[in-house]
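Note sheet for the following structure.
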Amino acid sequence: MPQSDPDSVAREALRLIGPDPENWVPDRDGIDHNVVVVGGAQSGSALAFALRRAGIGKVSVIDAATDSAEAGVWLTSARMNKLRTPKNLPGPELGLPGLSFQAWYEARYGVAAYVEIDRIPRLEWAAYLEWYRKLTGISVRYGTRLVRVEPAADHLRLHLEQGGTTRVETTRKLVLATGFSGNGGPSVPDVLVRHLPKSLYAHTSEAINFEALRGKSVAVLGSAASAFDAAAVALETGASEVHLFARRDGLASLPVIRIRGYPGAYDNYGSLPDAVRWHQAIRFRRAGSTPPPDAIARAVKFPNFHLHLASPWSSAKPLGSRLVAGTPLGEFAFDFVIAGTGYSVDLASQPELRDFAGEILLWRDRFTPPEHEHDETLVTYPYLGSGHEYLEKRRGSAPHLKDIHVFNPAAFVSFGLPVGDIPSFKRDIPAIAARISRDLFLADLASHEKRINGSIAEDFSTDLYASAVWRSPQNVAAE
Ligand SMILES: Cc1cc2nc3c(=O)[nH]c(=O)nc-3n(C[C@H](O)[C@H](O)[C@H](O)COP(=O)(O)OP(=O)(O)OC[C@H]3O[C@@H](n4cnc5c(N)ncnc54)[C@H](O)[C@@H]3O)c2cc1C
């Protein structure tokens, strides 16, 4: 039974922290925005709220998606029943209990109902985020894609595509809350891209027509959460059989990120020496991304689900309307293959970064790992500054990079978490907001100095206390 109205719980939480501070950032001629946040899903929305509470006005949030249902992953490509994240981790509420998922859920369904769920149901999380945006008043300009960032003297010129036309808007700061799509995009194995027509395969990040796979034989490549989720949906929708192919000889089951989740390691991760951060990143990569046990169980319960271990595909070729795959255990024929093979980080392939991708400092430029910890993938991650800003490869070559803040998974090697996932919010959103605030403030120091040294009206006159001022008897007698 609902306990109360979630809206009133949240409104009370917002009332108790007082009104939003006024925008303190001075306007500049020719500058449209102080900050543009690219990506209006969970990360971009929470960041915009943090900036508003920091008194930073003229913040615009844009998203390429047509509407809130299409933005982010929860109602599009995510297919799990429940989030992987523990239900009680802090998230977009940014320290305000009344704005939290728990407050929203308990108000809707009751305290006991919250106790009963072990993890957050995906559709409830999506509904909570929609509500969060409404209650905090974060508005997103949908249908607006950032296609190019052009550095200018002391700002960035953003080329935005809207309804088939491109317009330019200017901003002093840019936050990339662009999720996996902001780093290089889906990683689809060459064996599929080179040898199969697109009609025979899809990546898990795409909208997949599972109805069309009813009665069909489906292969899934990869063995992390998305692969199992896709396999389960195919089976639940009536695929005749699903074969999941893992490269490893067992499923990844070691959640190495969890062991460093205590406050000391979590809060201070970005200050660790490079060698320690690199070792942690390698440790995660080698252990692999663990699928949640219930995601495995959801697929395994089907007798027509088959798990192929140590079975990378060496070949794929079309055969009529089907395809044939070569594996260490022989050839298999399928009607369709789904790649649950994750995402790559390749800044040069991001259209919006093309003007200066080569100037961005990468881990390979900063750190040479010991031979046994070499990794061709991790070296391509950007080496970020403490405010999540890009740094320059060559000092002075691209000063505008300090104004681009990365709140997406490309920050993984620098900050040790899948950045943009819920667990990253508590640490990274305040850090980014604080850096943006500091940079904007110091960039206008002359104006702020003038303001803080300006004349100010007295709160009261001496009349208020004149009658109580001590006067010695001699003074009184002399008067
Ligand atoms: C199977 C699966 C399970 C997951 N489980 C969890 C979990 O349990 N817990 C968790 O925390 N995370 C989980 N995640 C990760 C999840 O992707 C993130 O938590 C969440 O989506 C991050 O939100 P975001 O706002 O950072 O990015 P996204 O949700 O990816 O949103 C990015 C937005 O940026 C927009 N965008 C991108 N490029 C541009 C551009 N150039 N111009 C304009 N707009 C642009 C996109 O349209 C999109 O709306 C899971 C993901 C998957 C696939």
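Going through the structure tokens in order, the chains are called A, B, and so on, while each chain numbers its residues from 1 and the ligands are numbered from 1 in the order shown.
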Next item on the list: Please identify every polymer residue within 7 Å of ligand 1, using only C-alpha atoms and all ligand atoms, and present the set as a count of residues only.
Entry: 43
Next item on the list: For stretch 315-332 of chain A, please output as a VMD selection string all residues within 12 Å (counting only C-alpha atoms; exclusion window: fewer than 2 positions along the same chain).
Entry: chain A and resid 189 to 201 216 to 221 242 to 247 249 308 to 313 334 to 337
Please, could you write that set of residues out with N, CA and C atoms as an mmCIF file, in the first residue's frame?
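Okay, this is what ended up in again.cif:
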data_model
loop_
_atom_site.group_PDB
_atom_site.id
_atom_site.type_symbol
_atom_site.label_atom_id
_atom_site.label_comp_id
_atom_site.auth_asym_id
_atom_site.auth_seq_id
_atom_site.Cartn_x
_atom_site.Cartn_y
_atom_site.Cartn_z
ATOM 1 N N PRO A 189 32.544 -7.726 -33.411
ATOM 2 C CA PRO A 189 33.711 -8.470 -33.903
ATOM 3 C C PRO A 189 33.843 -8.381 -35.422
ATOM 4 N N ASP A 190 35.090 -8.253 -35.853
ATOM 5 C CA ASP A 190 35.393 -8.184 -37.290
ATOM 6 C C ASP A 190 34.789 -9.338 -38.072
ATOM 7 N N VAL A 191 34.768 -10.488 -37.440
ATOM 8 C CA VAL A 191 34.300 -11.682 -38.141
ATOM 9 C C VAL A 191 32.842 -11.508 -38.607
ATOM 10 N N LEU A 192 32.088 -10.709 -37.896
ATOM 11 C CA LEU A 192 30.711 -10.433 -38.336
ATOM 12 C C LEU A 192 30.698 -9.300 -39.363
ATOM 13 N N VAL A 193 31.375 -8.197 -39.005
ATOM 14 C CA VAL A 193 31.305 -6.990 -39.851
ATOM 15 C C VAL A 193 31.827 -7.293 -41.259
ATOM 16 N N ARG A 194 32.926 -8.060 -41.324
ATOM 17 C CA ARG A 194 33.566 -8.273 -42.632
ATOM 18 C C ARG A 194 32.855 -9.299 -43.493
ATOM 19 N N HIS A 195 32.214 -10.273 -42.851
ATOM 20 C CA HIS A 195 31.763 -11.416 -43.645
ATOM 21 C C HIS A 195 30.255 -11.613 -43.720
ATOM 22 N N LEU A 196 29.500 -10.850 -42.928
ATOM 23 C CA LEU A 196 28.047 -11.070 -42.950
ATOM 24 C C LEU A 196 27.308 -9.812 -43.368
ATOM 25 N N PRO A 197 26.181 -9.969 -44.103
ATOM 26 C CA PRO A 197 25.348 -8.788 -44.355
ATOM 27 C C PRO A 197 24.700 -8.342 -43.038
ATOM 28 N N LYS A 198 24.423 -7.047 -42.934
ATOM 29 C CA LYS A 198 23.901 -6.502 -41.675
ATOM 30 C C LYS A 198 22.578 -7.156 -41.281
ATOM 31 N N SER A 199 21.852 -7.680 -42.262
ATOM 32 C CA SER A 199 20.555 -8.296 -41.941
ATOM 33 C C SER A 199 20.706 -9.545 -41.070
ATOM 34 N N LEU A 200 21.943 -10.077 -40.963
ATOM 35 C CA LEU A 200 22.126 -11.316 -40.209
ATOM 36 C C LEU A 200 22.687 -11.097 -38.802
ATOM 37 N N TYR A 201 22.989 -9.846 -38.452
ATOM 38 C CA TYR A 201 23.515 -9.654 -37.093
ATOM 39 C C TYR A 201 23.112 -8.289 -36.527
ATOM 40 N N LYS A 216 13.246 -19.131 -34.500
ATOM 41 C CA LYS A 216 14.544 -19.110 -35.207
ATOM 42 C C LYS A 216 15.667 -19.570 -34.273
ATOM 43 N N SER A 217 16.765 -19.945 -34.922
ATOM 44 C CA SER A 217 17.946 -20.368 -34.183
ATOM 45 C C SER A 217 18.896 -19.172 -34.068
ATOM 46 N N VAL A 218 19.235 -18.819 -32.837
ATOM 47 C CA VAL A 218 19.952 -17.558 -32.593
ATOM 48 C C VAL A 218 21.289 -17.836 -31.893
ATOM 49 N N ALA A 219 22.337 -17.171 -32.360
ATOM 50 C CA ALA A 219 23.623 -17.213 -31.662
ATOM 51 C C ALA A 219 23.824 -15.890 -30.937
ATOM 52 N N VAL A 220 24.449 -15.959 -29.763
ATOM 53 C CA VAL A 220 24.823 -14.738 -29.037
ATOM 54 C C VAL A 220 26.315 -14.821 -28.757
ATOM 55 N N LEU A 221 27.036 -13.765 -29.099
ATOM 56 C CA LEU A 221 28.468 -13.719 -28.802
ATOM 57 C C LEU A 221 28.697 -12.866 -27.572
ATOM 58 N N VAL A 242 18.884 -21.012 -28.540
ATOM 59 C CA VAL A 242 19.880 -19.938 -28.431
ATOM 60 C C VAL A 242 21.191 -20.555 -27.971
ATOM 61 N N HIS A 243 22.252 -20.263 -28.727
ATOM 62 C CA HIS A 243 23.601 -20.726 -28.362
ATOM 63 C C HIS A 243 24.430 -19.499 -28.009
ATOM 64 N N LEU A 244 24.976 -19.497 -26.790
ATOM 65 C CA LEU A 244 25.792 -18.360 -26.361
ATOM 66 C C LEU A 244 27.264 -18.790 -26.370
ATOM 67 N N PHE A 245 28.083 -17.999 -27.068
ATOM 68 C CA PHE A 245 29.500 -18.340 -27.262
ATOM 69 C C PHE A 245 30.379 -17.412 -26.426
ATOM 70 N N ALA A 246 31.128 -18.014 -25.495
ATOM 71 C CA ALA A 246 32.046 -17.256 -24.643
ATOM 72 C C ALA A 246 33.481 -17.569 -25.064
ATOM 73 N N ARG A 247 34.332 -16.545 -25.011
ATOM 74 C CA ARG A 247 35.748 -16.789 -25.326
ATOM 75 C C ARG A 247 36.457 -17.528 -24.196
ATOM 76 N N ASP A 249 37.000 -19.974 -20.792
ATOM 77 C CA ASP A 249 36.576 -21.362 -20.522
ATOM 78 C C ASP A 249 35.661 -21.464 -19.302
ATOM 79 N N HIS A 308 28.423 -22.285 -24.959
ATOM 80 C CA HIS A 308 29.673 -22.795 -25.547
ATOM 81 C C HIS A 308 30.835 -22.047 -24.906
ATOM 82 N N LEU A 309 31.624 -22.745 -24.104
ATOM 83 C CA LEU A 309 32.768 -22.100 -23.450
ATOM 84 C C LEU A 309 34.012 -22.253 -24.321
ATOM 85 N N ALA A 310 34.964 -21.335 -24.127
ATOM 86 C CA ALA A 310 36.220 -21.346 -24.896
ATOM 87 C C ALA A 310 35.929 -21.457 -26.387
ATOM 88 N N SER A 311 34.938 -20.692 -26.845
ATOM 89 C CA SER A 311 34.479 -20.838 -28.233
ATOM 90 C C SER A 311 34.377 -19.516 -28.989
ATOM 91 N N PRO A 312 35.514 -18.849 -29.179
ATOM 92 C CA PRO A 312 35.460 -17.651 -30.035
ATOM 93 C C PRO A 312 35.176 -18.074 -31.479
ATOM 94 N N TRP A 313 34.481 -17.229 -32.209
ATOM 95 C CA TRP A 313 34.224 -17.551 -33.619
ATOM 96 C C TRP A 313 35.459 -17.206 -34.457
ATOM 97 N N PHE A 334 23.090 -20.787 -38.004
ATOM 98 C CA PHE A 334 22.091 -19.999 -37.264
ATOM 99 C C PHE A 334 21.299 -19.114 -38.227
ATOM 100 N N ASP A 335 20.155 -18.628 -37.712
ATOM 101 C CA ASP A 335 19.380 -17.669 -38.501
ATOM 102 C C ASP A 335 19.836 -16.238 -38.240
ATOM 103 N N PHE A 336 20.386 -16.007 -37.041
ATOM 104 C CA PHE A 336 20.736 -14.629 -36.675
ATOM 105 C C PHE A 336 21.774 -14.684 -35.564
ATOM 106 N N VAL A 337 22.615 -13.666 -35.514
ATOM 107 C CA VAL A 337 23.595 -13.603 -34.424
ATOM 108 C C VAL A 337 23.548 -12.221 -33.761
#
Notebook entry, point to check: Among stretch 49-215 of chain A, which ones does DSSP place in strand (DSSP E or B), written as a PyMOL selection string?
Noted result: chain A and resi 59-62+82-86+119-121+140-141+144-151+156-162+165-176+186+201-203
Checklist line | Exercise: stretch 438-454 of chain A partners within 10 Å, only C-alpha atoms, chain neighbours under 6 positions left out, as a list in words | finding: Trp24, Val25, Pro26, Arg28, Asn34, Val35, Ile56, Asp154, Arg172, Lys173, Lys402, Asp403 and Ile432 of chain A
Just-selected residues, C-alpha atoms written as an mmCIF file, in the first residue's frame:
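For reference, part37.cif as written:
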data_model
loop_
_atom_site.group_PDB
_atom_site.id
_atom_site.type_symbol
_atom_site.label_atom_id
_atom_site.label_comp_id
_atom_site.auth_asym_id
_atom_site.auth_seq_id
_atom_site.Cartn_x
_atom_site.Cartn_y
_atom_site.Cartn_z
ATOM 1 C CA TRP A 24 26.295 34.006 -10.148
ATOM 2 C CA VAL A 25 28.114 33.535 -13.461
ATOM 3 C CA PRO A 26 28.428 36.860 -15.294
ATOM 4 C CA ARG A 28 29.575 37.239 -21.620
ATOM 5 C CA ASN A 34 27.753 28.613 -19.366
ATOM 6 C CA VAL A 35 27.547 24.834 -19.593
ATOM 7 C CA ILE A 56 25.473 28.008 -12.134
ATOM 8 C CA ASP A 154 37.722 31.373 -24.748
ATOM 9 C CA ARG A 172 32.114 28.017 -21.919
ATOM 10 C CA LYS A 173 31.974 24.470 -20.566
ATOM 11 C CA LYS A 402 40.252 21.658 -19.903
ATOM 12 C CA ASP A 403 36.694 22.858 -20.589
ATOM 13 C CA ILE A 432 32.751 17.760 -11.818
#
Note to self: Taking only C-alpha atoms into account, name the residue in A:Ala398, A:Val36, A:Val188, A:Leu99 that is nearest to A:Ser344.
What the structure shows: A:Val188
Listing only residues of stretch 183-260 of chain A within 12 Å of stretch 272-280 of chain A, what is the closest atom pair and its distance in Å (to one decimal) for each, using only C-alpha atoms, sorted by chain and residue number ascending, as JSON lines?
{"residue": "A:Val256", "atom": "CA", "partner": "A:Gln280", "partner_atom": "CA", "distance": 8.5}
{"residue": "A:Ile257", "atom": "CA", "partner": "A:Gln280", "partner_atom": "CA", "distance": 8.5}
{"residue": "A:Arg258", "atom": "CA", "partner": "A:Gln280", "partner_atom": "CA", "distance": 11.7}
{"residue": "A:Ile259", "atom": "CA", "partner": "A:Gln280", "partner_atom": "CA", "distance": 10.9}
{"residue": "A:Arg260", "atom": "CA", "partner": "A:Gln280", "partner_atom": "CA", "distance": 9.5}
Check: Can you tell me, as number ranges by chain, what residues are no more than 12 Å from stretch 111-117 of chain A when counting only C-alpha atoms, ignoring any on the same chain fewer than 4 positions away?
Finding: A: 1-4, 81-83, 86-88, 101-107, 121-122, 124
Create the file for the chosen residues now, containing N, CA and C atoms and written as a PDB file, in the first residue's frame.
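Result file follows (result08.pdb):
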ATOM      1  N   MET A   1       0.834  -1.207   0.000  1.00  0.00           N
ATOM      2  CA  MET A   1       0.000   0.000   0.000  1.00  0.00           C
ATOM      3  C   MET A   1       0.871   1.261   0.000  1.00  0.00           C
ATOM      4  N   PRO A   2       0.538   2.223  -0.846  1.00  0.00           N
ATOM      5  CA  PRO A   2       1.320   3.463  -0.828  1.00  0.00           C
ATOM      6  C   PRO A   2       1.254   4.126   0.542  1.00  0.00           C
ATOM      7  N   GLN A   3       2.363   4.695   0.983  1.00  0.00           N
ATOM      8  CA  GLN A   3       2.418   5.376   2.273  1.00  0.00           C
ATOM      9  C   GLN A   3       2.079   6.851   2.112  1.00  0.00           C
ATOM     10  N   SER A   4       2.554   7.420   0.992  1.00  0.00           N
ATOM     11  CA  SER A   4       2.338   8.850   0.774  1.00  0.00           C
ATOM     12  C   SER A   4       2.576   9.135  -0.704  1.00  0.00           C
ATOM     13  N   ASN A  81      15.926  -7.747 -16.173  1.00  0.00           N
ATOM     14  CA  ASN A  81      14.753  -7.495 -15.343  1.00  0.00           C
ATOM     15  C   ASN A  81      15.090  -6.551 -14.198  1.00  0.00           C
ATOM     16  N   LYS A  82      16.310  -6.734 -13.656  1.00  0.00           N
ATOM     17  CA  LYS A  82      16.700  -5.928 -12.484  1.00  0.00           C
ATOM     18  C   LYS A  82      18.073  -5.311 -12.709  1.00  0.00           C
ATOM     19  N   LEU A  83      18.288  -4.140 -12.154  1.00  0.00           N
ATOM     20  CA  LEU A  83      19.612  -3.527 -12.217  1.00  0.00           C
ATOM     21  C   LEU A  83      20.614  -4.398 -11.467  1.00  0.00           C
ATOM     22  N   PRO A  86      23.437  -2.634  -6.356  1.00  0.00           N
ATOM     23  CA  PRO A  86      22.650  -2.812  -5.123  1.00  0.00           C
ATOM     24  C   PRO A  86      21.621  -1.692  -4.975  1.00  0.00           C
ATOM     25  N   LYS A  87      20.450  -2.020  -4.418  1.00  0.00           N
ATOM     26  CA  LYS A  87      19.342  -1.064  -4.423  1.00  0.00           C
ATOM     27  C   LYS A  87      19.599   0.173  -3.551  1.00  0.00           C
ATOM     28  N   ASN A  88      20.524   0.047  -2.572  1.00  0.00           N
ATOM     29  CA  ASN A  88      20.670   1.151  -1.621  1.00  0.00           C
ATOM     30  C   ASN A  88      21.874   2.039  -1.884  1.00  0.00           C
ATOM     31  N   PHE A 101      15.668   6.952  -4.919  1.00  0.00           N
ATOM     32  CA  PHE A 101      14.827   5.864  -5.426  1.00  0.00           C
ATOM     33  C   PHE A 101      14.032   5.252  -4.284  1.00  0.00           C
ATOM     34  N   GLN A 102      14.694   5.071  -3.136  1.00  0.00           N
ATOM     35  CA  GLN A 102      14.007   4.436  -2.004  1.00  0.00           C
ATOM     36  C   GLN A 102      12.792   5.251  -1.569  1.00  0.00           C
ATOM     37  N   ALA A 103      12.972   6.578  -1.456  1.00  0.00           N
ATOM     38  CA  ALA A 103      11.849   7.426  -1.030  1.00  0.00           C
ATOM     39  C   ALA A 103      10.702   7.322  -2.033  1.00  0.00           C
ATOM     40  N   TRP A 104      11.055   7.378  -3.311  1.00  0.00           N
ATOM     41  CA  TRP A 104      10.038   7.307  -4.368  1.00  0.00           C
ATOM     42  C   TRP A 104       9.308   5.969  -4.327  1.00  0.00           C
ATOM     43  N   TYR A 105      10.088   4.889  -4.186  1.00  0.00           N
ATOM     44  CA  TYR A 105       9.509   3.547  -4.228  1.00  0.00           C
ATOM     45  C   TYR A 105       8.633   3.299  -2.998  1.00  0.00           C
ATOM     46  N   GLU A 106       9.150   3.714  -1.828  1.00  0.00           N
ATOM     47  CA  GLU A 106       8.374   3.491  -0.601  1.00  0.00           C
ATOM     48  C   GLU A 106       7.085   4.311  -0.617  1.00  0.00           C
ATOM     49  N   ALA A 107       7.170   5.524  -1.143  1.00  0.00           N
ATOM     50  CA  ALA A 107       5.962   6.345  -1.205  1.00  0.00           C
ATOM     51  C   ALA A 107       4.934   5.707  -2.132  1.00  0.00           C
ATOM     52  N   PRO A 121      14.006  -3.098  -9.937  1.00  0.00           N
ATOM     53  CA  PRO A 121      13.474  -3.511 -11.243  1.00  0.00           C
ATOM     54  C   PRO A 121      13.761  -2.422 -12.294  1.00  0.00           C
ATOM     55  N   ARG A 122      14.201  -2.852 -13.462  1.00  0.00           N
ATOM     56  CA  ARG A 122      14.625  -1.884 -14.496  1.00  0.00           C
ATOM     57  C   ARG A 122      13.529  -0.878 -14.841  1.00  0.00           C
ATOM     58  N   GLU A 124      11.049   0.121 -13.089  1.00  0.00           N
ATOM     59  CA  GLU A 124      10.816   1.049 -11.970  1.00  0.00           C
ATOM     60  C   GLU A 124      11.910   2.126 -11.950  1.00  0.00           C
TER      61      GLU A 124
END
Checklist line | Nearby residues (only C-alpha atoms) at most 9 Å from A:Ile208, same-chain spacing under 4 positions excluded, as JSON, numbers by chain | finding: {"A": [77, 202, 203, 204, 212, 338]}
Keeping C-alpha atoms for every residue in the selection just given, could you write it to a file as a tab-separated table (two decimals), in the first residue's frame?
chain	number	residue	atom	x	y	z
A	77	SER	CA	18.70	-1.48	-25.27
A	202	ALA	CA	22.95	-6.92	-34.51
A	203	HIS	CA	24.75	-5.53	-31.49
A	204	THR	CA	22.96	-5.58	-28.14
A	212	ALA	CA	11.18	-11.72	-35.86
A	338	ILE	CA	23.59	-11.00	-31.66
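For the pair atom CA of A:Glu211 and atom CA of A:Thr237, the interatomic distance is 6.4 Å.
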Next item on the list: Might you pull out every residue within 7 Å of stretch 412-419 of chain A, with only C-alpha atoms counted and same-chain residues fewer than 6 positions away left off, and present them as an MDAnalysis selection string?
Entry: chainID A and resid 269:270 277:278 281 381 383:384
Check: Among stretch 11-215 of chain A, which residues carry a DSSP assignment of alpha helix (DSSP H), reported as a ChimeraX atom specification?
Finding: /A:11-16,42-53,101-109,111-116,122-136,190-195
Next item on the list: Measuring atom to atom with only C-alpha atoms, identify which of A:Gln474, A:Asn304, A:Ser8, A:Ser437 is nearest to A:Leu235.
Entry: A:Asn304
